[in-house]
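Novice: Please find one structure pasted underneath; my questions will follow.
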Amino acid sequence: MKILEVILLIVMLGILITGLYALWVNLPRAPVELESYSADNIQIQAPDKSYQFYPNMRFRDKKISYGIEEACTQGKRADIIEALQILSQDTILEFYESSDPEIKYYCSEIAPEPEQANHFVAGEGGPTDIINTSVYSVIYKGKVSLYKPEKCDGPKIAIHETFHALGFDHNNNKLSIMYPVTDCKQEIDQYLIDEINSLYSTPSLPDLGIENLVANKSGRYINFDIVIVNYGLKDTEKAKLILSADGEKVKEFDLNKIGIGTRKLLSVQNIRGPREFSDLVFEVFDTGNQEISEENNKVIVRQTNSS
């Protein structure tokens with residue numbers, strides 16, 4: 001009997017010690033701050049000299065849809081199609097006609113609505129719907145008005161106004177197609193071709209990144225606020241965030257859709273993690289697409305003071 005009592009006592013002591021340890025591990029503790037992160041070092045890569053209204057203005061894809069108002073004469077319609085053919089030959093852009101166009105051509109004068117006035121810098125055409133992603137000024141819609149008669153053999157006015165819809169402003173070269181006053185001797189500048197080809201060489205893909213992160217831990221519980229943004233040229237439908245500690249996955253979060261230029265805030269409390277770790281890794285990615293860049297997908301944070 002004494003041996004059994006001793007064994008029972010040892011078992012009970014073991015249970016008590018295990019319970020006390022578990023209680024101690026999970027006791028609330030003063031939060032330990034982790035390194036914060038802010039992507040304030042994002043640099044907009046744009047040409048040293050650009051005549052665009054805003055840096056890196058472009059449509060989502062190099063294949064751009066257009067539509068022509070029914071009121072346009074056959075001559076005006078022919079000018080528009082020829083202008084787009086010339087741009088397709090000189091650049092990597094492609095144009096196709098659509099009932100829901102990105103660029104809509106009109107053949108009567110259109111006064112811009114007040115909220116769009118800044119986009120109609122040239123008066124006769126320009127972008128009308130733009131989303132700023134911090135990296136790109138993404139054009140969703142543009143309008144072109146061709147109310148002025150064409151006096152040249154080629155579609156100079158149609159080309160000029162289409163460049164406005166593509167985000168390009170006037171220049172001061174009298175022989176340039178983008179000079180404010182049209183002349184039949186004007187040609188498309190090489191810089192226009194080069195800048196378009198450079199802008200649209202980037203594929204139409206998402207580009208998820210972590211913009212801001214603040215985190216702390218209390219005992220073995222992790223708390224954080226994170227801002228995730230899509231800097232790219234395409235919506236992402238299935239975004240995910242993975243939190244890891246010292247290479248071991250702690251938790252996975254479904255972020256679902258993040259549109260172009262959209263910022264998503266995720267605030268998380270009391271995620272159970274390891275009691276001790278050297279660093280936390282936050283990694284965001286699109287499960288359904290490649291991305292323009294993966295350099296901004298991951299942030300590593302460490303403790304700023306000992307626990």
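Lettering and numbering for the structure tokens are positional, with chains as A, B, ... in the shown order, residues counted from 1 in each chain, and ligands counted from 1 in the shown order.
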Residues near region 168-182 of chain A, anyone? I mean within 8 Å using only C-alpha atoms, not counting same-chain ones fewer than 3 positions away, as a compact mmCIF listing (two decimals) with C-alpha atoms, in the first residue's frame.
Specialist:
# COMPACT_ATOMS: atom_id res chain seq x y z
CA TYR A 51 5.89 64.95 -70.29
CA GLN A 52 3.19 62.89 -68.62
CA PHE A 53 0.52 64.54 -66.47
CA VAL A 121 -5.42 69.31 -69.28
CA ALA A 122 -5.38 69.61 -73.07
CA LYS A 156 -2.42 64.27 -86.73
CA ILE A 157 -5.20 65.45 -84.41
CA ILE A 159 -2.80 60.85 -82.74
CA HIS A 160 -2.24 64.00 -80.65
CA PHE A 163 -1.46 60.57 -76.61
CA HIS A 164 -3.34 62.83 -74.19
CA ALA A 165 -5.64 59.90 -73.33
CA LYS A 185 4.95 68.44 -90.58
CA GLN A 186 4.81 67.22 -86.99
CA GLU A 187 5.93 63.67 -86.15
CA ILE A 188 5.81 61.32 -83.16
CA ASP A 189 8.84 61.96 -80.93
Novice: Could you give me, as a PDB file with N, CA and C atoms, in the first residue's frame, the residues within 6 Å of Lys143 (chain A), counting only C-alpha atoms and dropping anything in the same chain fewer than 5 positions from it?
Specialist:
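File produced: around-v7.pdb:
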ATOM      1  N   ILE A 103     -10.908  53.796 -73.892  1.00  0.00           N
ATOM      2  CA  ILE A 103     -10.823  55.113 -74.523  1.00  0.00           C
ATOM      3  C   ILE A 103     -12.045  55.291 -75.405  1.00  0.00           C
ATOM      4  N   LYS A 104     -12.834  56.329 -75.151  1.00  0.00           N
ATOM      5  CA  LYS A 104     -14.025  56.600 -75.948  1.00  0.00           C
ATOM      6  C   LYS A 104     -13.784  57.847 -76.801  1.00  0.00           C
ATOM      7  N   GLY A 125      -8.984  66.104 -74.759  1.00  0.00           N
ATOM      8  CA  GLY A 125      -8.874  64.691 -74.422  1.00  0.00           C
ATOM      9  C   GLY A 125      -7.966  64.451 -73.250  1.00  0.00           C
ATOM     10  N   GLY A 126      -8.084  63.288 -72.650  1.00  0.00           N
ATOM     11  CA  GLY A 126      -7.224  62.920 -71.534  1.00  0.00           C
ATOM     12  C   GLY A 126      -7.833  61.826 -70.697  1.00  0.00           C
TER      13      GLY A 126
END
Novice: Which parts of region 93-283 of chain A does DSSP call alpha helix (DSSP H) when run on the backbone here, written out as a list in words?
Specialist: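 Everything in region 93-283 of chain A that counts as alpha helix (DSSP H) is Lys156, Ile157, Ala158, Ile159, His160, Glu161, Thr162, Phe163, His164, Ala165, Gln190, Tyr191, Leu192, Ile193, Asp194, Glu195, Ile196, Asn197, Ser198 and Leu199 of chain A.
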Novice: Mind writing the picked residues with C-alpha atoms as a PDB file, in the first residue's frame?
Specialist:
ATOM      1  CA  LYS A 156      -2.417  64.269 -86.725  1.00  0.00           C
ATOM      2  CA  ILE A 157      -5.197  65.453 -84.409  1.00  0.00           C
ATOM      3  CA  ALA A 158      -6.363  61.925 -83.611  1.00  0.00           C
ATOM      4  CA  ILE A 159      -2.800  60.854 -82.740  1.00  0.00           C
ATOM      5  CA  HIS A 160      -2.238  64.004 -80.654  1.00  0.00           C
ATOM      6  CA  GLU A 161      -5.421  63.511 -78.628  1.00  0.00           C
ATOM      7  CA  THR A 162      -4.823  59.776 -78.193  1.00  0.00           C
ATOM      8  CA  PHE A 163      -1.462  60.573 -76.611  1.00  0.00           C
ATOM      9  CA  HIS A 164      -3.335  62.826 -74.191  1.00  0.00           C
ATOM     10  CA  ALA A 165      -5.641  59.897 -73.330  1.00  0.00           C
ATOM     11  CA  GLN A 190      11.118  59.053 -80.152  1.00  0.00           C
ATOM     12  CA  TYR A 191      10.807  59.793 -76.434  1.00  0.00           C
ATOM     13  CA  LEU A 192       7.057  59.089 -76.669  1.00  0.00           C
ATOM     14  CA  ILE A 193       7.715  55.716 -78.257  1.00  0.00           C
ATOM     15  CA  ASP A 194      10.464  54.889 -75.758  1.00  0.00           C
ATOM     16  CA  GLU A 195       8.445  55.902 -72.702  1.00  0.00           C
ATOM     17  CA  ILE A 196       5.370  53.957 -73.796  1.00  0.00           C
ATOM     18  CA  ASN A 197       7.447  50.864 -74.525  1.00  0.00           C
ATOM     19  CA  SER A 198       9.152  51.166 -71.155  1.00  0.00           C
ATOM     20  CA  LEU A 199       5.909  51.725 -69.221  1.00  0.00           C
TER      21      LEU A 199
END
Novice: Skip Lys251 (chain A) itself and residues of its chain fewer than 4 positions away, then list as a PyMOL selection string all residues within 9 Å of it, counting only C-alpha atoms.
Specialist: chain A and resi 241-244+271-273
Novice: Could you save the residues just selected, with N, CA and C atoms, as a short mmCIF file (atom, residue, chain, number, x, y, z; two decimals), in the first residue's frame?
Specialist:
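Saved result, again.cif, follows:
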data_model
loop_
_atom_site.label_atom_id
_atom_site.label_comp_id
_atom_site.auth_asym_id
_atom_site.auth_seq_id
_atom_site.Cartn_x
_atom_site.Cartn_y
_atom_site.Cartn_z
N LEU A 241 -1.71 36.09 -46.08
CA LEU A 241 -0.63 36.55 -45.21
C LEU A 241 -0.21 35.38 -44.33
N ILE A 242 1.07 35.10 -44.27
CA ILE A 242 1.59 34.04 -43.41
C ILE A 242 2.51 34.67 -42.36
N LEU A 243 2.24 34.31 -41.09
CA LEU A 243 3.07 34.74 -39.97
C LEU A 243 3.92 33.55 -39.52
N SER A 244 5.22 33.75 -39.47
CA SER A 244 6.14 32.69 -39.04
C SER A 244 7.06 33.21 -37.94
N ILE A 271 -2.54 36.03 -30.89
CA ILE A 271 -2.17 34.84 -31.66
C ILE A 271 -1.10 34.08 -30.89
N ARG A 272 -1.38 32.84 -30.57
CA ARG A 272 -0.44 32.06 -29.76
C ARG A 272 0.77 31.67 -30.60
N GLY A 273 1.95 32.00 -30.10
CA GLY A 273 3.17 31.66 -30.78
C GLY A 273 4.17 31.08 -29.80
#
Novice: Find the nearest atom pair between each residue of region 152-237 of chain A and region 293-298 of chain A for residues within 8 Å, count only C-alpha atoms, give distances in Å to one decimal, sort rows by chain and ascending number, and present the table as a tab-separated table.
Specialist:
residue	atom	partner	partner_atom	distance
A:Asp207	CA	A:Ser293	CA	6.1
A:Leu208	CA	A:Asn297	CA	6.3
A:Gly209	CA	A:Asn297	CA	4.9
A:Ile210	CA	A:Asn297	CA	6.3
Novice: If you count only C-alpha atoms, which residues fall within 8 Å of Gly288 (chain A), apart from same-chain ones fewer than 2 positions away, as a PyMOL selection string?
Specialist: chain A and resi 236-238+286+290
Novice: Which of these, A:Ala215, A:Glu70, A:Phe282, A:Asp61, has the shortest distance to Phe95 (chain A) once you count only C-alpha atoms?
Specialist: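 Among the listed residues, the smallest separation from Phe95 (chain A) belongs to A:Asp61.
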Novice: Rounded to one decimal, what separation in Å do you get between CA of Ser267 (chain A) and CA of Gly232 (chain A)?
Specialist: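 Between these atoms lies a distance of 23.3 Å.
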Novice: From the options A:Ala71, A:Val268, A:Val250, A:Ile92, which residue's atoms come nearest to Asp225 (chain A), counting only C-alpha atoms?
Specialist: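 Once distances to Asp225 (chain A) are computed over only C-alpha atoms, the minimum belongs to A:Val268.
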Novice: For the structure I just gave you, how does DSSP split region 23-196 of chain A - specifically, which residues are strand (DSSP E or B)? Reply as JSON, numbers by chain.
Specialist: {"A": [32, 33, 34, 37, 38, 52, 57, 58, 59, 63, 64, 65, 66, 67, 68, 94, 95, 96, 97, 103, 104, 105, 106, 125, 126, 127, 128, 129, 130, 131, 132, 137, 138, 139, 140, 141, 142, 143, 144, 145, 168, 176, 187]}
Novice: What does the file look like for those residues with C-alpha atoms, as a PDB file, in the first residue's frame?
Specialist:
ATOM      1  CA  VAL A  32       7.354  43.481 -25.454  1.00  0.00           C
ATOM      2  CA  GLU A  33       7.559  45.815 -28.414  1.00  0.00           C
ATOM      3  CA  LEU A  34       8.858  44.504 -31.713  1.00  0.00           C
ATOM      4  CA  TYR A  37       8.075  48.816 -40.245  1.00  0.00           C
ATOM      5  CA  SER A  38       7.026  51.508 -42.693  1.00  0.00           C
ATOM      6  CA  GLN A  52       3.190  62.890 -68.620  1.00  0.00           C
ATOM      7  CA  MET A  57       0.612  56.939 -66.187  1.00  0.00           C
ATOM      8  CA  ARG A  58      -0.574  53.884 -68.091  1.00  0.00           C
ATOM      9  CA  PHE A  59      -3.553  51.660 -68.685  1.00  0.00           C
ATOM     10  CA  LYS A  63      -4.025  45.817 -75.013  1.00  0.00           C
ATOM     11  CA  ILE A  64      -6.347  48.822 -74.772  1.00  0.00           C
ATOM     12  CA  SER A  65     -10.000  48.853 -75.813  1.00  0.00           C
ATOM     13  CA  TYR A  66     -11.596  51.753 -77.669  1.00  0.00           C
ATOM     14  CA  GLY A  67     -15.034  52.815 -78.838  1.00  0.00           C
ATOM     15  CA  ILE A  68     -16.182  55.372 -81.406  1.00  0.00           C
ATOM     16  CA  GLU A  94      -2.440  47.030 -79.170  1.00  0.00           C
ATOM     17  CA  PHE A  95      -5.943  48.423 -79.642  1.00  0.00           C
ATOM     18  CA  TYR A  96      -9.267  46.643 -80.108  1.00  0.00           C
ATOM     19  CA  GLU A  97     -12.827  47.908 -80.434  1.00  0.00           C
ATOM     20  CA  ILE A 103     -10.823  55.113 -74.523  1.00  0.00           C
ATOM     21  CA  LYS A 104     -14.025  56.600 -75.948  1.00  0.00           C
ATOM     22  CA  TYR A 105     -13.826  58.798 -79.057  1.00  0.00           C
ATOM     23  CA  TYR A 106     -16.388  61.540 -79.636  1.00  0.00           C
ATOM     24  CA  GLY A 125      -8.874  64.691 -74.422  1.00  0.00           C
ATOM     25  CA  GLY A 126      -7.224  62.920 -71.534  1.00  0.00           C
ATOM     26  CA  PRO A 127      -7.660  60.364 -68.776  1.00  0.00           C
ATOM     27  CA  THR A 128     -10.926  60.622 -66.846  1.00  0.00           C
ATOM     28  CA  ASP A 129     -10.605  57.792 -64.311  1.00  0.00           C
ATOM     29  CA  ILE A 130      -7.250  57.255 -62.549  1.00  0.00           C
ATOM     30  CA  ILE A 131      -6.163  55.224 -59.527  1.00  0.00           C
ATOM     31  CA  ASN A 132      -2.884  56.142 -57.825  1.00  0.00           C
ATOM     32  CA  SER A 137      -1.099  56.256 -61.985  1.00  0.00           C
ATOM     33  CA  VAL A 138      -3.356  53.605 -63.501  1.00  0.00           C
ATOM     34  CA  ILE A 139      -5.744  54.873 -66.167  1.00  0.00           C
ATOM     35  CA  TYR A 140      -9.102  53.124 -66.251  1.00  0.00           C
ATOM     36  CA  LYS A 141     -10.933  55.423 -68.663  1.00  0.00           C
ATOM     37  CA  GLY A 142     -10.082  58.170 -71.133  1.00  0.00           C
ATOM     38  CA  LYS A 143     -12.023  60.433 -73.515  1.00  0.00           C
ATOM     39  CA  VAL A 144     -11.052  62.037 -76.800  1.00  0.00           C
ATOM     40  CA  SER A 145     -13.005  64.723 -78.624  1.00  0.00           C
ATOM     41  CA  PHE A 168       0.982  62.644 -72.146  1.00  0.00           C
ATOM     42  CA  SER A 176       6.463  67.324 -82.284  1.00  0.00           C
ATOM     43  CA  GLU A 187       5.932  63.672 -86.146  1.00  0.00           C
TER      44      GLU A 187
END
Novice: Taking only C-alpha atoms into account, which of A:Asn270, A:Asn212, A:Glu283, A:Phe277 comes nearest Ala39 (chain A)?
Specialist: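 Using only C-alpha atoms, the shortest distance to Ala39 (chain A) belongs to A:Asn212.
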Novice: Would you pick out the contacts of Glu35 (chain A) at 6 Å or less, using only C-alpha atoms, so that residues sharing its chain but fewer than 3 positions from it are not included, and give the list as a list in words?
Specialist: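 The contact residues come out as Val301, Arg302 and Thr304 of chain A.
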